[in-house]
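**Q** After the structure tokens below, expect a handful of questions from me.
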Amino acid sequence: MELNVLVVEERDMPVWEKARNYLKRKKIKLFSASTLREAYKILNREPINIVLSDFNLKNINSLNFLNKIKTIRPDVEIIFLSERVPLSKAIEAMKAGAYDFYEFPINMKLLMTVIEKAAEKQTLYIEKMKLEKKFKERVNYGNIIGRSKAMQYVIDIVASVASKNVNILLTGETGTGKEMIANAIHYSSSRSAKPYVKVNCAVFNEGILESELFGHEKGAFTGAAARRQGRFELANGGTIFLDEIADLPLGTQIKLLRILQEKEFERVGGNETIKVDVRVIAATNRDLKKLIDEGRFRDDLYYRLNVVKIELPALRERKEDFPLLASYFINKLNEEKGYKIKGISKEAMQTLLSYQWPGNVRELENALESAMALAKKDFIEASYLPAFLLMSEPEHSDYYRISHNLTLSEVERELIRLTLDKTNGNKTAAARALGIGLRSLHRKIKVIRAVPP
Ligand SMILES: Nc1ncnc2c1ncn2[C@@H]1O[C@H](COP(=O)(O)OP(=O)(O)OP(=O)(O)O)[C@@H](O)[C@H]1O
Ligand SMILES: [Mg+2]
């Protein structure tokens with residue numbers, strides 16, 4: 001590996017010239033500084049491994065110099081060279097973190113060995129820092145369980161956008177972990193020590209929501225007895241998590257758009273324009289594109305929110321994560337509730353795998369908690385699982401999807417159509433499957449034909 005050494009000396013002594021020539025011959029890339037300012041500049045800019053410095057610098061105490069270097073580049077090792085100084089001084093320098101200390105005249109071979117050893121130490125230091133950083137990241141994302149490709153993809157995006165100041169839109173079915181991901185983004189961003197404010201846009205009506213978000217002035221409406229700061233003001237410098245964003249009324253959407261574009265707003269009933277610096281993370285389990293088509297969501301707001309979109313996969317789409325999730329929740333609940341469950345039977349796992357999990361991870365956690373509470377042994381058996389899991393159809397059997405806003409007679413019609421599809425038009429088989437006589441089926445089909453689909 002190429003070594004980069006910065007030589008810091010102000011006195012132009014022949015011994016330094018000799019050292020330089022020797023190191024150059026050894027293919028070391030040399031940088032030179034004769035002032036501190038130059039030295040700091042080079043340290044900030046160049047991939048310096050080692051500083052080789054005169055101990056008797058004119059304008060600065062060498063130990064202060066050492067400290068300053070360690071602040072700028074904690075990985076860089078410093079070797080001092082000097083004419084005779086009291087031993088106590090040399091010891092002091094070593095204690096302060098110098099790598100080594102040599103008196104003139106210098107044995108060049110020895111100096112070279114010392115430089116190489118110091119460079120090795122630097123490599124170790126950098127490796128250690130990398131590991132610590134990785135570990136920290138893992139701690140941050142440690143509660144996001146998922147080894148499946150789909151979840152790893154999500155975690156990768158989170159890791160790469162968290163520190164960037166971009167707005168993020170989280171989508172995914174209920175219980176897939178949108179809020180958990182929002183938390184991870186805030187707490188691993190540079191805003192982590194700043195406020196993190198959450199607003200559920202679905203729980204307030206338009207008037208209250210606006211005053212929640214933007215605050216209000218005294219007397220802005222009946223009941224506004226005092227000025228109140230809104231959540232955007234409270235979140236200044238930090239992150240706001242706007243949950244259930246699809247429920248934002250159109251009027252409020254315009255105001256939110258202004259904050260995203262201009263970073264400013266007025267309190268309800270106020271004239272003063274307030275500037276804020278807030279990162280917005282929004283979440284929804286609805287299809288915003290569809291709401292845009294229906295005129296219920298502004299497309300300009302959508303594009304502002306959706307700088308980065310993270311789609312959380314449904315639990316049923318990442319079956320390989322089940323064992324990991326199950327043991328994670330079992331451990332967590334053992335700790336929280338004092339249970340002593342050791343695991344889950346094969347049959348129970350099979351039952352978990354064949355269910356569709358419309359409530360996703362939240363529903364899985366609840367099902368396990370209920371099973372753990374009912375367990376009579378230290379293993380979760382299938383019979384302890386909630387009844388709806390046991391009754392659910394095996395995964396690969398066909399489901400009929402029937403929309404929930406149909407009337408009873410429409411459902412009947414739909415069901416007959418679907419059953420006939422399944423029996424390839426065989427009416428006898430369809431009638432049998434539906435539990436009615438062939439003649440009743442014929443009658444019903446006649447009615448269906450009379451009504452356009
Ligand atoms: N990958 C995961 N690893 C561990 N826990 C998870 C994971 N995904 C979700 N959870 C847990 O599941 C529960 C539901 O997650 P969360 O509240 O983030 O879902 P959501 O997408 O916001 O749901 P909703 O749309 O209903 O608000 C939380 O307790 C969360 O910690
Ligand atoms: Mg949520």
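Ordering of the structure tokens sets the chain letters (A, B, ...); residue numbers start at 1 within each chain; ligands are numbered from 1 in the order shown.
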Ligand 2: which residues are within 12 Å, counting only C-alpha atoms and all ligand atoms? Reply as a PyMOL selection string.

**A** chain A and resi 170-183+198-202+241-245+281-286+312+359-362

**Q** Can you tell me, as number ranges by chain, which residues in stretch 199-440 of chain A count as alpha helix (DSSP H) by DSSP?

**A** A: 206-214, 231-234, 250-262, 288-293, 299-305, 322-337, 346-354, 360-374, 387-391, 408-422, 427-434, 438-440

**Q** What lies within 9 Å of A:Tyr40 using only C-alpha atoms, ignoring chain neighbours under 6 positions off, as a VMD selection string?

**A** chain A and resid 33 68 to 69 72

**Q** Please tabulate, as JSON lines, the residues of stretch 148-186 of chain A that come within 12 Å of stretch 250-260 of chain A, each with its closest pair of atoms and the distance in Å to one decimal, counting only C-alpha atoms and ordering rows by chain, then residue number upward.

**A**
```
{"residue": "A:Val166", "atom": "CA", "partner": "A:Leu260", "partner_atom": "CA", "distance": 10.7}
{"residue": "A:Asn167", "atom": "CA", "partner": "A:Leu260", "partner_atom": "CA", "distance": 8.9}
{"residue": "A:Ile168", "atom": "CA", "partner": "A:Leu260", "partner_atom": "CA", "distance": 11.9}
```

**Q** Got a sec: who's within 9 Å of stretch 155-162 of chain A, counting only C-alpha atoms, leaving out chain neighbours fewer than 4 positions off, as a list in words?

**A** Glu137, Tyr141, Ile144, Gly146, Ala150, Met151, Val166, Ile168, Ile181, Ala184, Ile185, His186, Tyr187, Ser188, Ser189, Ser190, Val308 and Ile310 of chain A

**Q** Please produce a file of the residues just selected, as a short mmCIF file (atom, residue, chain, number, x, y, z; two decimals), in the first residue's frame, where the atoms kept are all heavy atoms.

**A**
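Here's the written file result_25.cif:
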```cif
data_model
loop_
_atom_site.label_atom_id
_atom_site.label_comp_id
_atom_site.auth_asym_id
_atom_site.auth_seq_id
_atom_site.Cartn_x
_atom_site.Cartn_y
_atom_site.Cartn_z
N GLU A 137 -25.08 1.36 13.21
CA GLU A 137 -26.19 1.30 12.25
C GLU A 137 -27.10 0.12 12.57
O GLU A 137 -28.31 0.22 12.53
CB GLU A 137 -25.65 1.14 10.83
CG GLU A 137 -25.21 2.45 10.25
CD GLU A 137 -24.47 2.27 8.93
OE1 GLU A 137 -24.41 1.13 8.43
OE2 GLU A 137 -23.96 3.26 8.45
N TYR A 141 -31.06 0.02 13.45
CA TYR A 141 -32.07 -0.71 12.69
C TYR A 141 -32.34 -2.08 13.30
O TYR A 141 -33.00 -2.90 12.72
CB TYR A 141 -31.62 -0.87 11.23
CG TYR A 141 -31.25 0.43 10.59
CD1 TYR A 141 -30.13 0.56 9.81
CD2 TYR A 141 -32.05 1.56 10.80
CE1 TYR A 141 -29.79 1.78 9.24
CE2 TYR A 141 -31.71 2.76 10.24
CZ TYR A 141 -30.59 2.88 9.46
OH TYR A 141 -30.27 4.08 8.91
N ILE A 144 -35.72 -3.63 13.39
CA ILE A 144 -36.42 -3.91 12.13
C ILE A 144 -36.05 -5.33 11.73
O ILE A 144 -34.93 -5.59 11.30
CB ILE A 144 -35.99 -2.94 11.01
CG1 ILE A 144 -36.13 -1.49 11.47
CG2 ILE A 144 -36.79 -3.21 9.75
CD1 ILE A 144 -35.64 -0.49 10.45
N GLY A 146 -36.08 -8.63 9.52
CA GLY A 146 -36.37 -9.06 8.16
C GLY A 146 -35.11 -9.35 7.37
O GLY A 146 -34.32 -8.45 7.13
N ALA A 150 -36.99 -8.44 0.21
CA ALA A 150 -37.87 -7.27 0.23
C ALA A 150 -37.55 -6.36 1.42
O ALA A 150 -37.49 -5.14 1.28
CB ALA A 150 -39.32 -7.71 0.27
N MET A 151 -37.31 -6.95 2.60
CA MET A 151 -37.02 -6.12 3.77
C MET A 151 -35.60 -5.57 3.72
O MET A 151 -35.35 -4.45 4.13
CB MET A 151 -37.19 -6.94 5.05
CG MET A 151 -38.53 -6.80 5.75
SD MET A 151 -39.40 -5.26 5.57
CE MET A 151 -38.85 -4.35 6.99
N VAL A 166 -34.12 14.66 2.69
CA VAL A 166 -35.19 14.58 1.71
C VAL A 166 -36.49 14.13 2.39
O VAL A 166 -36.46 13.44 3.39
CB VAL A 166 -34.87 13.57 0.58
CG1 VAL A 166 -33.77 14.10 -0.30
CG2 VAL A 166 -34.49 12.22 1.15
N ILE A 168 -39.85 11.95 2.70
CA ILE A 168 -40.04 10.54 2.40
C ILE A 168 -41.50 10.16 2.53
O ILE A 168 -42.19 10.62 3.44
CB ILE A 168 -39.18 9.69 3.37
CG1 ILE A 168 -37.71 9.93 3.04
CG2 ILE A 168 -39.52 8.22 3.29
CD1 ILE A 168 -36.75 9.31 3.98
N ILE A 181 -40.43 2.40 10.60
CA ILE A 181 -39.42 2.87 9.66
C ILE A 181 -39.23 4.38 9.80
O ILE A 181 -38.10 4.90 9.78
CB ILE A 181 -39.82 2.53 8.20
CG1 ILE A 181 -39.82 1.00 8.00
CG2 ILE A 181 -38.90 3.19 7.19
CD1 ILE A 181 -38.47 0.34 8.01
N ALA A 184 -37.01 4.93 12.67
CA ALA A 184 -35.62 4.58 12.36
C ALA A 184 -34.96 5.69 11.54
O ALA A 184 -33.80 6.03 11.75
CB ALA A 184 -35.56 3.26 11.60
N ILE A 185 -35.73 6.26 10.60
CA ILE A 185 -35.16 7.33 9.76
C ILE A 185 -34.81 8.54 10.62
O ILE A 185 -33.71 9.07 10.56
CB ILE A 185 -36.14 7.72 8.63
CG1 ILE A 185 -36.26 6.56 7.64
CG2 ILE A 185 -35.66 8.99 7.93
CD1 ILE A 185 -37.32 6.76 6.59
N HIS A 186 -35.75 8.95 11.45
CA HIS A 186 -35.46 10.14 12.28
C HIS A 186 -34.26 9.88 13.19
O HIS A 186 -33.33 10.68 13.24
CB HIS A 186 -36.66 10.56 13.12
CG HIS A 186 -36.29 11.63 14.12
ND1 HIS A 186 -36.07 12.93 13.75
CD2 HIS A 186 -36.03 11.57 15.45
CE1 HIS A 186 -35.70 13.64 14.81
NE2 HIS A 186 -35.67 12.83 15.87
N TYR A 187 -34.29 8.75 13.89
CA TYR A 187 -33.25 8.54 14.90
C TYR A 187 -31.89 8.19 14.32
O TYR A 187 -30.90 8.21 15.04
CB TYR A 187 -33.71 7.50 15.94
CG TYR A 187 -34.78 8.09 16.83
CD1 TYR A 187 -36.09 7.65 16.79
CD2 TYR A 187 -34.47 9.16 17.67
CE1 TYR A 187 -37.08 8.22 17.57
CE2 TYR A 187 -35.46 9.74 18.46
CZ TYR A 187 -36.74 9.27 18.41
OH TYR A 187 -37.70 9.86 19.18
N SER A 188 -31.83 7.88 13.03
CA SER A 188 -30.49 7.68 12.48
C SER A 188 -30.10 8.86 11.60
O SER A 188 -29.08 8.81 10.92
CB SER A 188 -30.42 6.36 11.73
OG SER A 188 -31.39 6.33 10.73
N SER A 189 -30.89 9.93 11.61
CA SER A 189 -30.54 11.09 10.80
C SER A 189 -29.76 12.09 11.65
O SER A 189 -29.65 11.93 12.85
CB SER A 189 -31.81 11.77 10.26
OG SER A 189 -32.43 12.50 11.29
N SER A 190 -29.26 13.12 11.00
CA SER A 190 -28.50 14.13 11.74
C SER A 190 -29.45 14.97 12.61
O SER A 190 -29.02 15.78 13.40
CB SER A 190 -27.76 15.03 10.77
OG SER A 190 -28.69 15.59 9.87
N VAL A 308 -38.63 10.53 -1.97
CA VAL A 308 -38.23 9.12 -1.92
C VAL A 308 -39.43 8.33 -1.42
O VAL A 308 -40.06 8.72 -0.45
CB VAL A 308 -37.06 8.90 -0.94
CG1 VAL A 308 -36.79 7.42 -0.76
CG2 VAL A 308 -35.82 9.62 -1.43
N ILE A 310 -40.83 4.75 -0.02
CA ILE A 310 -40.44 3.44 0.49
C ILE A 310 -41.71 2.62 0.66
O ILE A 310 -42.60 3.00 1.40
CB ILE A 310 -39.69 3.57 1.83
CG1 ILE A 310 -38.47 4.47 1.67
CG2 ILE A 310 -39.28 2.19 2.34
CD1 ILE A 310 -37.64 4.65 2.93
#
```

**Q** Can you tell me, as a PyMOL selection string, what residues are no more than 12 Å from A:Thr123 when counting only C-alpha atoms, ignoring any on the same chain fewer than 3 positions away?

**A** chain A and resi 1+3+48-50+74-77+116-120+126-130

**Q** Could you save those same residues with N, CA, C and O atoms as a CSV table (one decimal), in the first residue's frame?

**A**
```csv
chain,number,residue,atom,x,y,z
A,1,MET,N,0.8,-1.2,0.0
A,1,MET,CA,0.0,0.0,0.0
A,1,MET,C,0.9,1.2,0.0
A,1,MET,O,1.9,1.3,0.6
A,3,LEU,N,2.2,4.8,1.1
A,3,LEU,CA,2.2,5.5,2.3
A,3,LEU,C,2.3,7.0,2.1
A,3,LEU,O,3.2,7.4,1.3
A,48,ILE,N,-3.3,11.5,4.3
A,48,ILE,CA,-2.1,11.3,5.1
A,48,ILE,C,-2.2,10.1,6.1
A,48,ILE,O,-3.2,10.0,6.7
A,49,ASN,N,-1.1,9.3,6.1
A,49,ASN,CA,-1.1,8.2,7.1
A,49,ASN,C,-0.3,8.6,8.3
A,49,ASN,O,-0.7,8.3,9.5
A,50,ILE,N,0.8,9.2,8.1
A,50,ILE,CA,1.7,9.5,9.3
A,50,ILE,C,2.2,11.0,9.2
A,50,ILE,O,2.4,11.5,8.1
A,74,PRO,N,-8.2,11.7,13.8
A,74,PRO,CA,-7.9,10.8,14.9
A,74,PRO,C,-7.1,9.6,14.5
A,74,PRO,O,-6.5,8.9,15.3
A,75,ASP,N,-7.2,9.2,13.2
A,75,ASP,CA,-6.6,8.0,12.7
A,75,ASP,C,-5.1,8.2,12.5
A,75,ASP,O,-4.3,7.2,12.4
A,76,VAL,N,-4.6,9.4,12.3
A,76,VAL,CA,-3.2,9.7,11.9
A,76,VAL,C,-2.3,9.5,13.1
A,76,VAL,O,-2.5,10.0,14.2
A,77,GLU,N,-1.2,8.9,12.8
A,77,GLU,CA,-0.1,8.7,13.9
A,77,GLU,C,1.0,9.7,13.7
A,77,GLU,O,1.3,10.1,12.6
A,116,GLU,N,6.3,2.2,9.1
A,116,GLU,CA,5.4,1.1,8.7
A,116,GLU,C,4.6,0.6,9.8
A,116,GLU,O,3.4,0.3,9.6
A,117,LYS,N,5.1,0.5,11.0
A,117,LYS,CA,4.3,0.0,12.2
A,117,LYS,C,3.2,1.0,12.5
A,117,LYS,O,2.1,0.6,12.8
A,118,ALA,N,3.5,2.3,12.4
A,118,ALA,CA,2.5,3.3,12.7
A,118,ALA,C,1.4,3.2,11.7
A,118,ALA,O,0.2,3.4,12.0
A,119,ALA,N,1.8,2.9,10.4
A,119,ALA,CA,0.7,2.8,9.4
A,119,ALA,C,-0.2,1.6,9.6
A,119,ALA,O,-1.4,1.7,9.4
A,120,GLU,N,0.4,0.5,10.1
A,120,GLU,CA,-0.4,-0.6,10.5
A,120,GLU,C,-1.4,-0.3,11.5
A,120,GLU,O,-2.5,-0.7,11.5
A,126,ILE,N,-8.7,2.5,11.5
A,126,ILE,CA,-9.8,2.7,10.6
A,126,ILE,C,-10.8,1.5,10.5
A,126,ILE,O,-12.0,1.7,10.5
A,127,GLU,N,-10.2,0.3,10.6
A,127,GLU,CA,-11.1,-0.9,10.6
A,127,GLU,C,-12.0,-0.9,11.8
A,127,GLU,O,-13.2,-1.2,11.7
A,128,LYS,N,-11.4,-0.5,12.9
A,128,LYS,CA,-12.2,-0.5,14.1
A,128,LYS,C,-13.4,0.5,14.0
A,128,LYS,O,-14.5,0.3,14.4
A,129,MET,N,-13.0,1.7,13.5
A,129,MET,CA,-14.1,2.7,13.3
A,129,MET,C,-15.2,2.2,12.4
A,129,MET,O,-16.4,2.5,12.6
A,130,LYS,N,-14.8,1.6,11.3
A,130,LYS,CA,-15.8,1.0,10.4
A,130,LYS,C,-16.7,0.1,11.1
A,130,LYS,O,-17.9,0.1,10.9
```

**Q** Need to verify the contact set: A:Ala373, 9 Å, only C-alpha atoms, exclusion of same-chain residues closer than 5 positions in sequence. Can you return it as a list in words?

**A**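 Listed by chain and then number, they are Tyr339, Leu368 and Tyr384 of chain A.
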
**Q** Using only C-alpha atoms, please write the residues we just selected to a file, as a tab-separated table (two decimals), in the first residue's frame.

**A**
```
chain	number	residue	atom	x	y	z
A	339	TYR	CA	-43.44	-15.78	29.85
A	368	LEU	CA	-48.34	-14.82	19.12
A	384	TYR	CA	-53.03	-22.24	21.14
```

**Q** Could you check which of A:Val280, A:Leu325, A:Leu131, A:Ile106 is closest to A:Lys263, using only C-alpha atoms?

**A**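 Looking only at the distances to A:Lys263, the closest residue turns out to be A:Val280.
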
**Q** Quick one: of A:Gln261, A:Gln229, A:Ser88, A:Asn107, who's nearest to A:Tyr303, counting only C-alpha atoms?

**A** A:Gln261

**Q** Have a look at atom CA of A:Leu390 and atom CA of A:Ser354 and let me know their distance in Å, one decimal.

**A**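 Taking atom CA of A:Leu390 and atom CA of A:Ser354, their separation equals 9.3 Å.
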
**Q** Please list as a ChimeraX atom specification every residue within 12 Å of A:Lys332, counting only C-alpha atoms and excluding residues in the same chain fewer than 3 positions away.

**A** /A:143,325-329,335-342,365,368-369,372

**Q** Of the candidates A:Leu364, A:Leu124, A:Leu352, A:Leu406, which one gets nearest to A:Met391 if we count only C-alpha atoms?

**A**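 Closest candidate: A:Leu352.
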